[in-house]
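The structure file final.cif is reproduced below (mmCIF, N, CA and C atoms).
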```
data_upload
#
loop_
_atom_site.label_atom_id
_atom_site.label_comp_id
_atom_site.auth_asym_id
_atom_site.auth_seq_id
_atom_site.Cartn_x
_atom_site.Cartn_y
_atom_site.Cartn_z
N MET A 220 16.96 -30.15 19.64
CA MET A 220 17.31 -29.79 21.00
C MET A 220 16.12 -30.02 21.93
N VAL A 221 14.92 -29.69 21.47
CA VAL A 221 13.73 -29.87 22.30
C VAL A 221 13.52 -31.35 22.59
N ALA A 222 13.64 -32.19 21.57
CA ALA A 222 13.46 -33.64 21.76
C ALA A 222 14.52 -34.19 22.70
N GLN A 223 15.73 -33.71 22.58
CA GLN A 223 16.81 -34.21 23.44
C GLN A 223 16.57 -33.83 24.90
N ASN A 224 16.01 -32.66 25.13
CA ASN A 224 15.81 -32.20 26.50
C ASN A 224 14.51 -32.68 27.13
N TYR A 225 13.46 -32.92 26.33
CA TYR A 225 12.15 -33.17 26.91
C TYR A 225 11.53 -34.53 26.58
N THR A 226 12.12 -35.28 25.66
CA THR A 226 11.51 -36.55 25.28
C THR A 226 11.57 -37.56 26.42
N GLU A 227 10.61 -38.44 26.44
CA GLU A 227 10.61 -39.56 27.39
C GLU A 227 10.96 -40.86 26.68
N ASP A 228 11.28 -40.78 25.40
CA ASP A 228 11.66 -41.95 24.61
C ASP A 228 13.16 -42.17 24.75
N ALA A 229 13.53 -43.16 25.56
CA ALA A 229 14.94 -43.41 25.86
C ALA A 229 15.74 -43.82 24.63
N GLN A 230 15.09 -44.41 23.63
CA GLN A 230 15.82 -44.87 22.45
C GLN A 230 16.26 -43.73 21.55
N THR A 231 15.45 -42.69 21.42
CA THR A 231 15.79 -41.59 20.52
C THR A 231 16.32 -40.36 21.22
N GLN A 232 16.22 -40.30 22.53
CA GLN A 232 16.63 -39.12 23.29
C GLN A 232 18.10 -38.75 23.07
N PRO A 233 19.05 -39.71 23.12
CA PRO A 233 20.46 -39.32 22.93
C PRO A 233 20.74 -38.71 21.57
N ASN A 234 19.94 -39.06 20.56
CA ASN A 234 20.14 -38.54 19.20
C ASN A 234 19.25 -37.35 18.91
N GLY A 235 18.69 -36.74 19.95
CA GLY A 235 17.82 -35.59 19.74
C GLY A 235 16.52 -35.96 19.06
N GLY A 236 16.05 -37.18 19.27
CA GLY A 236 14.80 -37.61 18.67
C GLY A 236 14.94 -38.19 17.27
N ASP A 237 16.16 -38.23 16.75
CA ASP A 237 16.39 -38.72 15.39
C ASP A 237 16.16 -40.23 15.33
N LEU A 238 15.26 -40.65 14.47
CA LEU A 238 14.99 -42.07 14.28
C LEU A 238 15.91 -42.69 13.25
N GLY A 239 16.63 -41.87 12.51
CA GLY A 239 17.46 -42.38 11.43
C GLY A 239 16.59 -42.76 10.24
N PHE A 240 17.18 -43.42 9.27
CA PHE A 240 16.41 -43.86 8.12
C PHE A 240 15.56 -45.06 8.51
N LEU A 241 14.29 -45.00 8.17
CA LEU A 241 13.37 -46.10 8.44
C LEU A 241 12.81 -46.59 7.12
N PRO A 242 12.84 -47.89 6.89
CA PRO A 242 12.20 -48.40 5.66
C PRO A 242 10.69 -48.22 5.75
N GLU A 243 10.07 -48.00 4.63
CA GLU A 243 8.62 -47.80 4.59
C GLU A 243 7.89 -48.99 5.21
N SER A 244 8.44 -50.18 5.07
CA SER A 244 7.81 -51.37 5.64
C SER A 244 7.73 -51.31 7.16
N SER A 245 8.61 -50.55 7.81
CA SER A 245 8.56 -50.45 9.28
C SER A 245 7.35 -49.66 9.74
N LEU A 246 6.74 -48.92 8.85
CA LEU A 246 5.54 -48.16 9.20
C LEU A 246 4.30 -49.04 9.25
N ASN A 247 4.42 -50.29 8.79
CA ASN A 247 3.26 -51.19 8.80
C ASN A 247 2.77 -51.48 10.21
N GLN A 248 3.65 -51.41 11.21
CA GLN A 248 3.25 -51.68 12.59
C GLN A 248 2.63 -50.46 13.25
N SER A 249 2.75 -49.29 12.64
CA SER A 249 2.21 -48.07 13.23
C SER A 249 0.75 -47.87 12.83
N SER A 250 0.13 -46.88 13.43
CA SER A 250 -1.29 -46.60 13.13
C SER A 250 -1.42 -46.10 11.70
N PRO A 251 -2.58 -46.32 11.08
CA PRO A 251 -2.79 -45.85 9.70
C PRO A 251 -2.62 -44.33 9.57
N GLU A 252 -3.05 -43.59 10.59
CA GLU A 252 -2.94 -42.12 10.53
C GLU A 252 -1.47 -41.69 10.52
N LEU A 253 -0.69 -42.33 11.38
CA LEU A 253 0.74 -42.01 11.44
C LEU A 253 1.42 -42.38 10.13
N ARG A 254 1.08 -43.53 9.58
CA ARG A 254 1.66 -43.97 8.31
C ARG A 254 1.34 -42.97 7.20
N ARG A 255 0.07 -42.56 7.12
CA ARG A 255 -0.33 -41.58 6.10
C ARG A 255 0.44 -40.27 6.27
N MET A 256 0.56 -39.84 7.52
CA MET A 256 1.24 -38.58 7.80
C MET A 256 2.70 -38.66 7.35
N VAL A 257 3.39 -39.72 7.72
CA VAL A 257 4.80 -39.85 7.36
C VAL A 257 4.96 -39.91 5.84
N LEU A 258 4.14 -40.67 5.18
CA LEU A 258 4.26 -40.81 3.73
C LEU A 258 3.91 -39.52 2.99
N SER A 259 3.11 -38.66 3.60
CA SER A 259 2.72 -37.42 2.93
C SER A 259 3.74 -36.29 3.13
N LEU A 260 4.62 -36.43 4.12
CA LEU A 260 5.61 -35.38 4.38
C LEU A 260 6.65 -35.31 3.27
N GLN A 261 7.05 -34.09 2.95
CA GLN A 261 8.11 -33.85 1.99
C GLN A 261 9.39 -33.50 2.75
N PRO A 262 10.57 -33.72 2.16
CA PRO A 262 11.82 -33.37 2.86
C PRO A 262 11.82 -31.93 3.35
N GLY A 263 12.18 -31.77 4.63
CA GLY A 263 12.21 -30.45 5.26
C GLY A 263 10.91 -30.04 5.91
N GLN A 264 9.86 -30.79 5.70
CA GLN A 264 8.53 -30.45 6.21
C GLN A 264 8.30 -31.01 7.61
N LEU A 265 7.60 -30.24 8.46
CA LEU A 265 7.23 -30.65 9.81
C LEU A 265 5.78 -31.11 9.83
N SER A 266 5.50 -32.10 10.64
CA SER A 266 4.12 -32.57 10.80
C SER A 266 3.45 -31.75 11.90
N PRO A 267 2.14 -31.76 11.94
CA PRO A 267 1.48 -31.20 13.12
C PRO A 267 1.70 -32.15 14.30
N VAL A 268 1.27 -31.77 15.48
CA VAL A 268 1.38 -32.64 16.64
C VAL A 268 0.49 -33.86 16.40
N ILE A 269 1.06 -35.04 16.58
CA ILE A 269 0.35 -36.30 16.33
C ILE A 269 0.21 -37.04 17.65
N HIS A 270 -1.01 -37.45 17.96
CA HIS A 270 -1.24 -38.25 19.18
C HIS A 270 -1.17 -39.72 18.79
N THR A 271 -0.25 -40.47 19.43
CA THR A 271 -0.12 -41.90 19.20
C THR A 271 -0.33 -42.62 20.52
N GLN A 272 -0.35 -43.94 20.49
CA GLN A 272 -0.51 -44.70 21.73
C GLN A 272 0.68 -44.51 22.66
N ASP A 273 1.83 -44.11 22.12
CA ASP A 273 3.03 -43.89 22.94
C ASP A 273 3.12 -42.46 23.46
N GLY A 274 2.26 -41.57 23.01
CA GLY A 274 2.31 -40.17 23.43
C GLY A 274 2.14 -39.26 22.24
N TYR A 275 2.68 -38.07 22.35
CA TYR A 275 2.58 -37.09 21.28
C TYR A 275 3.89 -37.03 20.51
N ARG A 276 3.77 -36.81 19.21
CA ARG A 276 4.96 -36.77 18.35
C ARG A 276 4.86 -35.59 17.40
N ILE A 277 6.01 -35.04 17.08
CA ILE A 277 6.15 -34.06 16.00
C ILE A 277 7.24 -34.62 15.12
N LEU A 278 6.94 -34.77 13.85
CA LEU A 278 7.90 -35.39 12.93
C LEU A 278 8.44 -34.35 11.95
N LYS A 279 9.68 -34.54 11.56
CA LYS A 279 10.28 -33.74 10.51
C LYS A 279 10.94 -34.69 9.53
N MET A 280 10.53 -34.60 8.29
CA MET A 280 11.12 -35.43 7.24
C MET A 280 12.42 -34.77 6.79
N ILE A 281 13.52 -35.43 7.03
CA ILE A 281 14.82 -34.89 6.64
C ILE A 281 15.06 -35.15 5.16
N SER A 282 14.90 -36.40 4.76
CA SER A 282 15.06 -36.74 3.35
C SER A 282 14.40 -38.08 3.08
N LYS A 283 14.17 -38.35 1.83
CA LYS A 283 13.63 -39.64 1.41
C LYS A 283 14.63 -40.28 0.48
N GLU A 284 14.85 -41.55 0.68
CA GLU A 284 15.79 -42.30 -0.14
C GLU A 284 15.03 -43.33 -0.95
N PRO A 285 15.43 -43.55 -2.19
CA PRO A 285 14.77 -44.59 -2.98
C PRO A 285 15.10 -45.97 -2.41
N SER A 286 14.17 -46.88 -2.55
CA SER A 286 14.41 -48.23 -2.04
C SER A 286 15.36 -48.99 -2.97
N GLY A 287 15.86 -50.10 -2.46
CA GLY A 287 16.74 -50.93 -3.27
C GLY A 287 18.20 -50.75 -2.89
N GLN A 288 19.04 -51.48 -3.59
CA GLN A 288 20.47 -51.42 -3.31
C GLN A 288 21.06 -50.12 -3.82
N ARG A 289 22.08 -49.66 -3.14
CA ARG A 289 22.78 -48.43 -3.55
C ARG A 289 23.95 -48.80 -4.44
N ASP A 290 24.28 -47.89 -5.32
CA ASP A 290 25.46 -48.05 -6.18
C ASP A 290 26.70 -47.87 -5.32
N LEU A 291 27.70 -48.70 -5.51
CA LEU A 291 28.91 -48.62 -4.71
C LEU A 291 29.67 -47.32 -4.90
N SER A 292 29.41 -46.60 -5.98
CA SER A 292 30.08 -45.32 -6.19
C SER A 292 29.40 -44.20 -5.39
N ASP A 293 28.24 -44.48 -4.80
CA ASP A 293 27.53 -43.50 -3.98
C ASP A 293 28.31 -43.28 -2.68
N PRO A 294 28.69 -42.04 -2.37
CA PRO A 294 29.47 -41.78 -1.16
C PRO A 294 28.76 -42.22 0.12
N ARG A 295 27.42 -42.14 0.15
CA ARG A 295 26.69 -42.57 1.35
C ARG A 295 26.79 -44.07 1.53
N ALA A 296 26.77 -44.82 0.42
CA ALA A 296 26.92 -46.27 0.51
C ALA A 296 28.32 -46.62 0.97
N GLN A 297 29.31 -45.92 0.48
CA GLN A 297 30.69 -46.16 0.90
C GLN A 297 30.86 -45.85 2.38
N GLN A 298 30.27 -44.74 2.83
CA GLN A 298 30.37 -44.37 4.24
C GLN A 298 29.67 -45.40 5.12
N SER A 299 28.54 -45.89 4.70
CA SER A 299 27.81 -46.91 5.45
C SER A 299 28.63 -48.19 5.57
N ILE A 300 29.27 -48.58 4.48
CA ILE A 300 30.11 -49.78 4.49
C ILE A 300 31.30 -49.58 5.44
N ARG A 301 31.94 -48.40 5.36
CA ARG A 301 33.07 -48.10 6.25
C ARG A 301 32.65 -48.18 7.72
N GLU A 302 31.51 -47.56 8.03
CA GLU A 302 31.03 -47.57 9.42
C GLU A 302 30.73 -48.98 9.90
N THR A 303 30.11 -49.78 9.05
CA THR A 303 29.79 -51.16 9.42
C THR A 303 31.07 -51.95 9.68
N LEU A 304 32.05 -51.81 8.79
CA LEU A 304 33.31 -52.54 8.96
C LEU A 304 34.05 -52.08 10.22
N LEU A 305 34.06 -50.78 10.48
CA LEU A 305 34.73 -50.27 11.68
C LEU A 305 34.03 -50.74 12.96
N GLU A 306 32.70 -50.77 12.95
CA GLU A 306 31.96 -51.25 14.12
C GLU A 306 32.25 -52.73 14.37
N ARG A 307 32.29 -53.52 13.31
CA ARG A 307 32.59 -54.95 13.47
C ARG A 307 34.01 -55.16 13.98
N LYS A 308 34.96 -54.41 13.44
CA LYS A 308 36.36 -54.52 13.89
C LYS A 308 36.47 -54.11 15.35
N ASP A 309 35.80 -53.02 15.70
CA ASP A 309 35.82 -52.53 17.08
C ASP A 309 35.24 -53.58 18.03
N GLN A 310 34.12 -54.17 17.65
CA GLN A 310 33.48 -55.19 18.48
C GLN A 310 34.38 -56.42 18.62
N LEU A 311 35.01 -56.83 17.55
CA LEU A 311 35.92 -57.98 17.58
C LEU A 311 37.11 -57.71 18.50
N LEU A 312 37.70 -56.52 18.40
CA LEU A 312 38.83 -56.17 19.25
C LEU A 312 38.43 -56.09 20.72
N LYS A 313 37.27 -55.53 21.01
CA LYS A 313 36.79 -55.47 22.39
C LYS A 313 36.58 -56.87 22.95
N THR A 314 35.97 -57.74 22.16
CA THR A 314 35.73 -59.11 22.61
C THR A 314 37.04 -59.82 22.90
N ALA A 315 38.02 -59.68 22.01
CA ALA A 315 39.33 -60.32 22.21
C ALA A 315 40.02 -59.75 23.45
N TYR A 316 39.93 -58.43 23.65
CA TYR A 316 40.54 -57.80 24.82
C TYR A 316 39.91 -58.32 26.11
N TYR A 317 38.59 -58.34 26.16
CA TYR A 317 37.90 -58.80 27.37
C TYR A 317 38.20 -60.27 27.66
N GLU A 318 38.25 -61.08 26.60
CA GLU A 318 38.53 -62.50 26.80
C GLU A 318 39.95 -62.69 27.34
N ARG A 319 40.90 -61.97 26.78
CA ARG A 319 42.28 -62.09 27.25
C ARG A 319 42.40 -61.59 28.69
N ALA A 320 41.77 -60.47 28.99
CA ALA A 320 41.82 -59.94 30.36
C ALA A 320 41.19 -60.91 31.34
N ARG A 321 40.11 -61.53 30.95
CA ARG A 321 39.43 -62.51 31.81
C ARG A 321 40.31 -63.74 32.02
N ASN A 322 40.96 -64.21 30.97
CA ASN A 322 41.81 -65.40 31.07
C ASN A 322 43.07 -65.15 31.91
N GLU A 323 43.58 -63.94 31.89
CA GLU A 323 44.81 -63.62 32.61
C GLU A 323 44.55 -63.02 34.00
N ALA A 324 43.28 -62.88 34.35
CA ALA A 324 42.95 -62.26 35.64
C ALA A 324 43.31 -63.19 36.80
N LYS A 325 43.78 -62.59 37.87
CA LYS A 325 44.09 -63.34 39.08
C LYS A 325 43.14 -62.84 40.16
N VAL A 326 42.38 -63.73 40.72
CA VAL A 326 41.39 -63.37 41.73
C VAL A 326 41.98 -63.64 43.10
N ALA A 327 41.92 -62.65 43.96
CA ALA A 327 42.43 -62.79 45.34
C ALA A 327 41.33 -62.40 46.31
N ASP A 328 41.09 -63.21 47.29
CA ASP A 328 40.08 -62.93 48.30
C ASP A 328 40.79 -62.34 49.51
N PHE A 329 40.88 -61.03 49.55
CA PHE A 329 41.60 -60.35 50.62
C PHE A 329 40.92 -60.50 51.97
N MET A 330 39.61 -60.59 51.98
CA MET A 330 38.89 -60.77 53.24
C MET A 330 39.24 -62.11 53.87
N ALA A 331 39.24 -63.17 53.06
CA ALA A 331 39.58 -64.50 53.57
C ALA A 331 41.02 -64.53 54.06
N ARG A 332 41.92 -63.87 53.32
CA ARG A 332 43.33 -63.84 53.71
C ARG A 332 43.48 -63.13 55.06
N THR A 333 42.76 -62.04 55.26
CA THR A 333 42.82 -61.29 56.52
C THR A 333 42.30 -62.13 57.67
N VAL A 334 41.20 -62.87 57.46
CA VAL A 334 40.63 -63.73 58.49
C VAL A 334 41.61 -64.82 58.84
N LEU A 335 42.19 -65.47 57.85
CA LEU A 335 43.14 -66.54 58.10
C LEU A 335 44.39 -66.05 58.83
N GLU A 336 44.89 -64.90 58.44
CA GLU A 336 46.07 -64.36 59.10
C GLU A 336 45.74 -63.99 60.55
N GLY A 337 44.54 -63.48 60.78
CA GLY A 337 44.11 -63.16 62.15
C GLY A 337 43.94 -64.40 62.98
N ALA A 338 43.47 -65.50 62.39
CA ALA A 338 43.29 -66.75 63.13
C ALA A 338 44.63 -67.38 63.47
N GLY A 339 45.59 -67.22 62.57
CA GLY A 339 46.91 -67.82 62.79
C GLY A 339 47.69 -67.08 63.87
N SER A 340 47.42 -65.82 64.11
CA SER A 340 48.17 -65.07 65.11
C SER A 340 47.52 -65.16 66.49
N GLY A 341 46.37 -65.87 66.58
CA GLY A 341 45.74 -66.11 67.86
C GLY A 341 44.88 -64.96 68.35
N LYS A 342 44.48 -64.09 67.50
CA LYS A 342 43.64 -62.95 67.91
C LYS A 342 42.23 -63.33 68.17
#
```
structure tokens encoding of this file:
Amino acid sequence: MVAQNYTEDAQTQPNGGDLGFLPESSLNQSSPELRRMVLSLQPGQLSPVIHTQDGYRILKMISKEPSGQRDLSDPRAQQSIRETLLERKDQLLKTAYYERARNEAKVADFMARTVLEGAGSGK
């Protein structure tokens, strides 16, 4: 709630500061201190206030996942697949809808019509 109300990070603000799952390799671009801090946190643990080039951060490790492919019987893997398929279907349907609406749209210039009608009546 605090992150959602006070953060200046537009990317994480709508999710209450949640970064989601990040692969360990994504930490290679961060500072060594931040990398060490993240890797040392245990699930459920909060970090102290960390000063980074982007500002101050407080991190909470929600969980750690093993690297590699997930077993298809894993409910989280199934949910991830479902979400991906639904997002793709949704995007495809939106694209088709917008394309059809654009193709069937009729554009009318009411200002030009008003000017022409006014010129024809001798005003």
**Asked** So which residues touch Gly263 in chain A within 8 Å, counting all atoms listed in the file, skipping near sequence neighbours fewer than 5 positions away, as a PyMOL selection string?
**Response** chain A and resi 278-283
**Message:** Taking 4 positions as the minimum chain separation for residues in the same chain, which residues sit within 8 Å of Leu253 in chain A when counting only N, CA and C atoms? Answer as a PyMOL selection string.
**Reply:** chain A and resi 246+249+257-259+269-271
**Asked** To one decimal place, how far is CA of Ala324 in chain A from CA of Gln310 in chain A in Å?
**Response** 20.8 Å
**Prompt:** Among range 220-320 of chain A, which ones does DSSP place in strand (DSSP E), written as a list in words?
**Reply:** Ile269, His270, Thr271, Gly274, Tyr275 and Arg276 of chain A
**Fill in**
Atom pair atom C of Leu291 in chain A + atom C of Thr303 in chain A, distance 15.4 Å
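Picture a line from CA of Pro242 in chain A to CA of Leu265 in chain A; it runs 18.9 Å.
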**Prompt:** For Ala296 in chain A, which residue out of A:Glu284, A:Asp228, A:Glu252, A:Glu243 is the nearest one, using only C-alpha atoms?
**Reply:**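 Selected residue with least distance to Ala296 in chain A: A:Glu284.
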Give as a CSV table (one decimal) with N, CA and C atoms, in the frame of the given file the residues that the PyMOL selection byres (((chain A and resi 238 and name CA) around 12) and name CA) matches when applied to the coordinates above.
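What ended up in result02.csv:
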```
chain,number,residue,atom,x,y,z
A,222,ALA,N,13.6,-32.2,21.6
A,222,ALA,CA,13.5,-33.6,21.8
A,222,ALA,C,14.5,-34.2,22.7
A,228,ASP,N,11.3,-40.8,25.4
A,228,ASP,CA,11.7,-42.0,24.6
A,228,ASP,C,13.2,-42.2,24.8
A,229,ALA,N,13.5,-43.2,25.6
A,229,ALA,CA,14.9,-43.4,25.9
A,229,ALA,C,15.7,-43.8,24.6
A,230,GLN,N,15.1,-44.4,23.6
A,230,GLN,CA,15.8,-44.9,22.4
A,230,GLN,C,16.3,-43.7,21.6
A,231,THR,N,15.4,-42.7,21.4
A,231,THR,CA,15.8,-41.6,20.5
A,231,THR,C,16.3,-40.4,21.2
A,232,GLN,N,16.2,-40.3,22.5
A,232,GLN,CA,16.6,-39.1,23.3
A,232,GLN,C,18.1,-38.8,23.1
A,233,PRO,N,19.0,-39.7,23.1
A,233,PRO,CA,20.5,-39.3,22.9
A,233,PRO,C,20.7,-38.7,21.6
A,234,ASN,N,19.9,-39.1,20.6
A,234,ASN,CA,20.1,-38.5,19.2
A,234,ASN,C,19.2,-37.4,18.9
A,235,GLY,N,18.7,-36.7,20.0
A,235,GLY,CA,17.8,-35.6,19.7
A,235,GLY,C,16.5,-36.0,19.1
A,236,GLY,N,16.0,-37.2,19.3
A,236,GLY,CA,14.8,-37.6,18.7
A,236,GLY,C,14.9,-38.2,17.3
A,237,ASP,N,16.2,-38.2,16.8
A,237,ASP,CA,16.4,-38.7,15.4
A,237,ASP,C,16.2,-40.2,15.3
A,239,GLY,N,16.6,-41.9,12.5
A,239,GLY,CA,17.5,-42.4,11.4
A,239,GLY,C,16.6,-42.8,10.2
A,240,PHE,N,17.2,-43.4,9.3
A,240,PHE,CA,16.4,-43.9,8.1
A,240,PHE,C,15.6,-45.1,8.5
A,241,LEU,N,14.3,-45.0,8.2
A,241,LEU,CA,13.4,-46.1,8.4
A,241,LEU,C,12.8,-46.6,7.1
A,242,PRO,N,12.8,-47.9,6.9
A,242,PRO,CA,12.2,-48.4,5.7
A,242,PRO,C,10.7,-48.2,5.8
A,245,SER,N,8.6,-50.6,7.8
A,245,SER,CA,8.6,-50.4,9.3
A,245,SER,C,7.4,-49.7,9.7
A,278,LEU,N,6.9,-34.8,13.8
A,278,LEU,CA,7.9,-35.4,12.9
A,278,LEU,C,8.4,-34.4,12.0
A,279,LYS,N,9.7,-34.5,11.6
A,279,LYS,CA,10.3,-33.7,10.5
A,279,LYS,C,10.9,-34.7,9.5
A,280,MET,N,10.5,-34.6,8.3
A,280,MET,CA,11.1,-35.4,7.2
A,280,MET,C,12.4,-34.8,6.8
A,281,ILE,N,13.5,-35.4,7.0
A,281,ILE,CA,14.8,-34.9,6.6
A,281,ILE,C,15.1,-35.2,5.2
```
**Request:** Determine which residues of chain A DSSP labels as helix (DSSP H, G or I) from the backbone of this structure, then write them out as an MDAnalysis selection string.
**Result:** chainID A and resid 221:225 232:234 243:248 251:259 294:323 329:339
